[in-house]
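**Q** I have a structure here, written as structure tokens, and I will follow up with some questions on it.
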Amino acid sequence: MEIFPVEEYVVTSAIIERGSKFLMDLAKNDVIIVGAGPSGLVTGMYIARAGLKTCIIERRLSFGGGIGGGGMLFPRVIVQEPAQEILEEIGVKLEPYSRGIWVVDVAEFIAKLAVGAIDSGARILLGANVEDLIIKNSRVHGVVVQWSAVTSAGLHVDPLAFESRAVVDCTGHDAEVVTIAAKKNPELGIKVLGEHSMDAVRAEKGVVESTGEVFPGLWVAGMAAAAVRGGPRMGPIFGGMILSGKKVADLIIKELKRCP
Ligand code: 48F
């Protein structure tokens, strides 16, 4: 077998040219989702499937957020009715445990959620950190982004801004995007009540109920929704995350189609 001789300048040219094209296309979007954990990937899958231009920005170089850690590193998590229907739709194997409860392999869960989002047309930018928002005329118009490597190195490098009609905070327990909006703009009256101690039953219901718009153009889903509204945590149960992602997607699709 003869391996094709790829020269260094071709590698460099291809990566810079096509990488720049990809980044250029992220400058203006319908929806930007911050965080590629379970809630962010589900949100991205449904929004992109509705034909909206969707970008998911993730600070790590991998997907899945808190899924990979399972429960105390045991590689299994739980989903409950009716969230299993969404997992079935994307081909995740569900192992019945007891009535209304299934056990899921974490690696398969991460992989299939990511495939679901990408195959629906969501574009995912890895290794990029959302550090601020664009806020004009009492509305969020996009996010301010820096490479995670630049942030970790503490270098003084100005970020770039990506525009969108809606931004969704799917950053998990710290609700980072809403927290930044609240801290930097106290006059806007955005409140982050903070996550409360564990109460799995109340948490799962609450995370879906808390999902929605917190400020014009700024939406919250997943564990970030619990943190913003002061709900309890739930541990390695993922039904609420999945249903929260679906709920925020449905709300945004309706809103953006209402005001094209
Ligand atoms: O934490 P994460 O999985 O959030 P989630 O989708 O799901 C929560 C569960 O994993 C679990 C739980 C319930 O079952 O309690 O914790 O609500 O995923 C959040 C993702 O956002 C990324 C982070 O690296 C992670 O992959 N992220 C956080 N802040 C930023 C960010 C930021 N400022 N910019 C870019 N990505």
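Identifiers in this document derive from the order of the structure tokens: chains are assigned A, B, ..., residues are numbered from 1 separately in each chain, and ligands are numbered from 1 in order of occurrence.
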Let me see if you get this right: every residue at most 7 Å from ligand 1, counting only C-alpha atoms and all ligand atoms, written as a ChimeraX atom specification.
**A** /A:34-40,57-60,63-67,128-131,170-173,176-177,221-224,233-238,241
**Q** Would you output that residue set with N, CA, C and O atoms, as a CSV table (one decimal), in the first residue's frame?
**A**
chain,number,residue,atom,x,y,z
A,34,VAL,N,-24.2,27.8,24.8
A,34,VAL,CA,-22.9,27.7,25.5
A,34,VAL,C,-22.9,26.5,26.3
A,34,VAL,O,-23.7,26.3,27.3
A,35,GLY,N,-22.0,25.6,26.0
A,35,GLY,CA,-21.8,24.3,26.7
A,35,GLY,C,-22.3,23.1,25.9
A,35,GLY,O,-23.4,23.1,25.5
A,36,ALA,N,-21.4,22.1,25.8
A,36,ALA,CA,-21.8,20.9,25.0
A,36,ALA,C,-22.0,19.7,26.0
A,36,ALA,O,-21.5,18.6,25.7
A,37,GLY,N,-22.7,20.0,27.1
A,37,GLY,CA,-23.1,18.9,28.0
A,37,GLY,C,-24.4,18.4,27.5
A,37,GLY,O,-24.8,18.7,26.4
A,38,PRO,N,-25.1,17.5,28.3
A,38,PRO,CA,-26.4,16.9,27.8
A,38,PRO,C,-27.4,18.0,27.4
A,38,PRO,O,-28.0,17.8,26.3
A,39,SER,N,-27.6,19.0,28.2
A,39,SER,CA,-28.7,20.0,27.9
A,39,SER,C,-28.3,20.7,26.6
A,39,SER,O,-29.1,21.0,25.8
A,40,GLY,N,-27.0,21.1,26.5
A,40,GLY,CA,-26.6,21.9,25.3
A,40,GLY,C,-26.7,21.1,24.0
A,40,GLY,O,-27.1,21.6,23.0
A,57,ILE,N,-20.9,26.3,21.6
A,57,ILE,CA,-19.5,26.7,22.0
A,57,ILE,C,-19.1,25.9,23.3
A,57,ILE,O,-19.9,26.0,24.3
A,58,GLU,N,-18.0,25.2,23.3
A,58,GLU,CA,-17.6,24.4,24.4
A,58,GLU,C,-16.2,24.7,24.8
A,58,GLU,O,-15.3,24.6,23.9
A,59,ARG,N,-16.0,24.9,26.0
A,59,ARG,CA,-14.6,25.3,26.5
A,59,ARG,C,-13.6,24.2,26.5
A,59,ARG,O,-12.4,24.4,26.3
A,60,ARG,N,-14.1,23.0,26.7
A,60,ARG,CA,-13.2,21.8,26.7
A,60,ARG,C,-12.9,21.3,25.2
A,60,ARG,O,-13.6,21.8,24.3
A,63,PHE,N,-16.9,16.6,24.2
A,63,PHE,CA,-18.3,16.8,24.5
A,63,PHE,C,-18.7,16.1,25.8
A,63,PHE,O,-18.0,15.3,26.3
A,64,GLY,N,-19.9,16.4,26.2
A,64,GLY,CA,-20.6,15.6,27.2
A,64,GLY,C,-20.7,16.2,28.6
A,64,GLY,O,-21.5,15.7,29.4
A,65,GLY,N,-19.9,17.2,28.9
A,65,GLY,CA,-20.0,17.9,30.2
A,65,GLY,C,-19.9,16.8,31.3
A,65,GLY,O,-18.9,16.1,31.4
A,66,GLY,N,-20.9,16.8,32.2
A,66,GLY,CA,-20.9,15.9,33.4
A,66,GLY,C,-21.3,14.5,33.1
A,66,GLY,O,-21.3,13.7,34.0
A,67,ILE,N,-21.5,14.1,31.8
A,67,ILE,CA,-22.0,12.7,31.6
A,67,ILE,C,-20.8,11.7,31.9
A,67,ILE,O,-21.0,10.7,32.5
A,128,ALA,N,-13.2,26.7,23.2
A,128,ALA,CA,-13.5,28.1,23.2
A,128,ALA,C,-14.3,28.5,24.4
A,128,ALA,O,-15.3,27.7,24.7
A,129,ASN,N,-14.0,29.6,25.0
A,129,ASN,CA,-14.6,29.9,26.3
A,129,ASN,C,-15.5,31.2,26.1
A,129,ASN,O,-15.0,32.2,25.5
A,130,VAL,N,-16.7,31.1,26.5
A,130,VAL,CA,-17.6,32.3,26.4
A,130,VAL,C,-17.3,33.1,27.7
A,130,VAL,O,-17.5,32.6,28.8
A,131,GLU,N,-16.8,34.3,27.5
A,131,GLU,CA,-16.4,35.1,28.7
A,131,GLU,C,-17.2,36.3,28.9
A,131,GLU,O,-17.1,37.0,29.9
A,170,CYS,N,-26.1,26.8,28.8
A,170,CYS,CA,-26.2,25.4,29.1
A,170,CYS,C,-24.8,25.0,29.8
A,170,CYS,O,-24.3,24.0,29.6
A,171,THR,N,-24.3,25.9,30.7
A,171,THR,CA,-23.0,25.7,31.2
A,171,THR,C,-23.0,24.9,32.5
A,171,THR,O,-21.9,24.8,33.2
A,172,GLY,N,-24.1,24.4,32.9
A,172,GLY,CA,-24.1,23.5,34.1
A,172,GLY,C,-24.2,24.3,35.4
A,172,GLY,O,-24.7,25.4,35.5
A,173,HIS,N,-23.6,23.6,36.5
A,173,HIS,CA,-23.9,24.0,37.9
A,173,HIS,C,-23.6,25.5,38.1
A,173,HIS,O,-24.2,26.1,39.0
A,176,GLU,N,-22.7,29.9,34.2
A,176,GLU,CA,-21.7,31.0,34.0
A,176,GLU,C,-22.1,32.2,33.2
A,176,GLU,O,-21.7,33.3,33.5
A,177,VAL,N,-22.9,31.9,32.1
A,177,VAL,CA,-23.2,33.0,31.2
A,177,VAL,C,-24.2,34.0,31.9
A,177,VAL,O,-24.0,35.2,31.9
A,221,ALA,N,-31.0,26.6,30.3
A,221,ALA,CA,-31.4,25.2,30.3
A,221,ALA,C,-30.5,24.3,31.1
A,221,ALA,O,-29.3,24.7,31.4
A,222,GLY,N,-30.9,23.1,31.5
A,222,GLY,CA,-30.1,22.2,32.2
A,222,GLY,C,-29.8,22.7,33.6
A,222,GLY,O,-30.6,23.4,34.2
A,223,MET,N,-28.7,22.2,34.2
A,223,MET,CA,-28.3,22.5,35.5
A,223,MET,C,-28.2,24.0,35.8
A,223,MET,O,-28.4,24.5,36.9
A,224,ALA,N,-27.8,24.7,34.7
A,224,ALA,CA,-27.8,26.2,34.8
A,224,ALA,C,-29.1,26.8,35.2
A,224,ALA,O,-29.2,27.8,35.9
A,233,ARG,N,-30.0,20.2,43.5
A,233,ARG,CA,-29.2,19.3,42.6
A,233,ARG,C,-29.8,17.9,42.6
A,233,ARG,O,-30.6,17.6,43.5
A,234,MET,N,-29.4,17.0,41.7
A,234,MET,CA,-30.0,15.7,41.6
A,234,MET,C,-29.0,14.6,41.5
A,234,MET,O,-29.5,13.4,41.5
A,235,GLY,N,-27.8,14.8,41.3
A,235,GLY,CA,-26.8,13.7,41.1
A,235,GLY,C,-27.0,13.1,39.7
A,235,GLY,O,-27.5,13.8,38.8
A,236,PRO,N,-26.5,11.9,39.5
A,236,PRO,CA,-26.4,11.3,38.1
A,236,PRO,C,-27.7,10.9,37.4
A,236,PRO,O,-27.8,9.8,36.9
A,237,ILE,N,-28.7,11.7,37.5
A,237,ILE,CA,-30.0,11.4,36.8
A,237,ILE,C,-30.1,12.4,35.7
A,237,ILE,O,-29.9,13.6,35.9
A,238,PHE,N,-30.4,12.0,34.4
A,238,PHE,CA,-30.2,12.9,33.3
A,238,PHE,C,-31.5,13.2,32.6
A,238,PHE,O,-31.5,13.9,31.6
A,241,MET,N,-32.2,16.9,32.4
A,241,MET,CA,-31.3,17.7,31.5
A,241,MET,C,-31.8,17.6,30.1
A,241,MET,O,-31.9,18.6,29.3
**Q** For the helix (DSSP H, G or I) assignment from backbone DSSP, which residues of region 62-204 of chain A qualify? Please present them as an MDAnalysis selection string.
**A** chainID A and resid 84:89 106:120 148:153 172:174 176:184 186:188 200:204
**Q** For Gly142 (chain A), work out the shell of residues within 7 Å, counting only C-alpha atoms and skipping chain neighbours fewer than 4 positions away, then give it as a ChimeraX atom specification.
**A** /A:133-134,162-164,167
**Q** Keeping N, CA and C atoms, export the residues of the selection given above as a PDB file, in the first residue's frame.
**A**
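As written to disk, result-v5.pdb reads:
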ATOM      1  N   LEU A 133     -21.005  38.712  27.139  1.00  0.00           N
ATOM      2  CA  LEU A 133     -22.137  38.769  26.202  1.00  0.00           C
ATOM      3  C   LEU A 133     -22.115  40.098  25.459  1.00  0.00           C
ATOM      4  N   ILE A 134     -22.788  40.130  24.309  1.00  0.00           N
ATOM      5  CA  ILE A 134     -23.068  41.419  23.653  1.00  0.00           C
ATOM      6  C   ILE A 134     -24.448  41.825  24.176  1.00  0.00           C
ATOM      7  N   PHE A 162     -19.397  36.829  18.659  1.00  0.00           N
ATOM      8  CA  PHE A 162     -20.251  36.110  17.710  1.00  0.00           C
ATOM      9  C   PHE A 162     -21.695  36.529  17.973  1.00  0.00           C
ATOM     10  N   GLU A 163     -22.385  36.952  16.916  1.00  0.00           N
ATOM     11  CA  GLU A 163     -23.762  37.425  17.099  1.00  0.00           C
ATOM     12  C   GLU A 163     -24.779  36.302  16.977  1.00  0.00           C
ATOM     13  N   SER A 164     -25.906  36.498  17.663  1.00  0.00           N
ATOM     14  CA  SER A 164     -27.028  35.554  17.503  1.00  0.00           C
ATOM     15  C   SER A 164     -28.305  36.223  17.985  1.00  0.00           C
ATOM     16  N   VAL A 167     -29.207  33.435  22.875  1.00  0.00           N
ATOM     17  CA  VAL A 167     -28.069  32.756  23.519  1.00  0.00           C
ATOM     18  C   VAL A 167     -28.655  31.846  24.598  1.00  0.00           C
TER      19      VAL A 167
END
**Q** Given the choices A:Asp250, A:Ile110, A:Ala117, A:Glu81, which gets closest to Glu204 (chain A) if the distance is worked out from only C-alpha atoms?
**A**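 Ranking A:Asp250, A:Ile110, A:Ala117, A:Glu81 by distance to Glu204 (chain A), first place goes to A:Glu81.
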**Q** Tell me which of A:Pro216, A:Pro5, A:Gly154, A:Gly240 sits closest to Ile86 (chain A), counting only C-alpha atoms.
**A**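 Among the listed residues, the smallest separation from Ile86 (chain A) belongs to A:Gly240.
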**Q** Tell me, as a PDB file with C-alpha atoms, in the first residue's frame, which residues lie within 6 Å of Val77 (chain A), counting only C-alpha atoms; anything in the same chain fewer than 3 positions away does not count.
**A**
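As a result, result.pdb now contains:
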ATOM      1  CA  GLY A  70     -21.163   8.924  35.598  1.00  0.00           C
ATOM      2  CA  VAL A 103     -29.562   2.725  32.974  1.00  0.00           C
ATOM      3  CA  VAL A 104     -27.364   4.168  30.204  1.00  0.00           C
ATOM      4  CA  PRO A 236     -26.393  11.339  38.076  1.00  0.00           C
TER       5      PRO A 236
END
**Q** For His156 (chain A), please output as a list in words all residues within 12 Å (counting only C-alpha atoms; exclusion window: fewer than 4 positions along the same chain).
**A** Gln146, Trp147, Ala149, Val150, Thr151 and Ser152 of chain A
**Q** Put those residues in a file: all heavy atoms, as an mmCIF file, in the first residue's frame.
**A**
data_model
loop_
_atom_site.group_PDB
_atom_site.id
_atom_site.type_symbol
_atom_site.label_atom_id
_atom_site.label_comp_id
_atom_site.auth_asym_id
_atom_site.auth_seq_id
_atom_site.Cartn_x
_atom_site.Cartn_y
_atom_site.Cartn_z
ATOM 1 N N GLN A 146 -13.236 33.650 23.689
ATOM 2 C CA GLN A 146 -11.767 33.585 23.699
ATOM 3 C C GLN A 146 -11.352 32.113 23.680
ATOM 4 O O GLN A 146 -12.063 31.267 24.240
ATOM 5 C CB GLN A 146 -11.231 34.285 24.968
ATOM 6 C CG GLN A 146 -9.731 34.339 25.083
ATOM 7 C CD GLN A 146 -9.066 34.993 23.867
ATOM 8 O OE1 GLN A 146 -8.791 34.305 22.877
ATOM 9 N NE2 GLN A 146 -8.824 36.293 23.922
ATOM 10 N N TRP A 147 -10.239 31.780 23.056
ATOM 11 C CA TRP A 147 -9.745 30.395 23.111
ATOM 12 C C TRP A 147 -9.469 30.026 24.566
ATOM 13 O O TRP A 147 -8.855 30.810 25.297
ATOM 14 C CB TRP A 147 -8.471 30.233 22.278
ATOM 15 C CG TRP A 147 -8.682 30.495 20.822
ATOM 16 C CD1 TRP A 147 -8.081 31.452 20.068
ATOM 17 C CD2 TRP A 147 -9.573 29.791 19.931
ATOM 18 N NE1 TRP A 147 -8.547 31.397 18.769
ATOM 19 C CE2 TRP A 147 -9.462 30.383 18.657
ATOM 20 C CE3 TRP A 147 -10.449 28.728 20.087
ATOM 21 C CZ2 TRP A 147 -10.199 29.946 17.552
ATOM 22 C CZ3 TRP A 147 -11.181 28.288 18.998
ATOM 23 C CH2 TRP A 147 -11.052 28.890 17.745
ATOM 24 N N ALA A 149 -7.337 28.047 25.716
ATOM 25 C CA ALA A 149 -5.889 27.995 25.967
ATOM 26 C C ALA A 149 -5.343 29.384 26.316
ATOM 27 O O ALA A 149 -4.455 29.521 27.163
ATOM 28 C CB ALA A 149 -5.170 27.437 24.743
ATOM 29 N N VAL A 150 -5.897 30.398 25.665
ATOM 30 C CA VAL A 150 -5.459 31.780 25.942
ATOM 31 C C VAL A 150 -5.882 32.161 27.355
ATOM 32 O O VAL A 150 -5.113 32.745 28.138
ATOM 33 C CB VAL A 150 -6.055 32.756 24.893
ATOM 34 C CG1 VAL A 150 -5.831 34.203 25.300
ATOM 35 C CG2 VAL A 150 -5.469 32.478 23.518
ATOM 36 N N THR A 151 -7.135 31.796 27.701
ATOM 37 C CA THR A 151 -7.651 32.108 29.040
ATOM 38 C C THR A 151 -6.805 31.396 30.100
ATOM 39 O O THR A 151 -6.396 32.015 31.084
ATOM 40 C CB THR A 151 -9.133 31.662 29.153
ATOM 41 O OG1 THR A 151 -9.861 32.212 28.067
ATOM 42 C CG2 THR A 151 -9.757 32.105 30.457
ATOM 43 N N SER A 152 -6.514 30.093 29.876
ATOM 44 C CA SER A 152 -5.741 29.349 30.890
ATOM 45 C C SER A 152 -4.334 29.910 31.035
ATOM 46 O O SER A 152 -3.777 29.908 32.125
ATOM 47 C CB SER A 152 -5.561 27.876 30.531
ATOM 48 O OG SER A 152 -6.712 27.346 30.029
#
**Q** Between A:Ala122, A:Val178, A:Val143, A:Ala200, which is the closest to Ala27 (chain A) once you count only C-alpha atoms?
**A** A:Val143
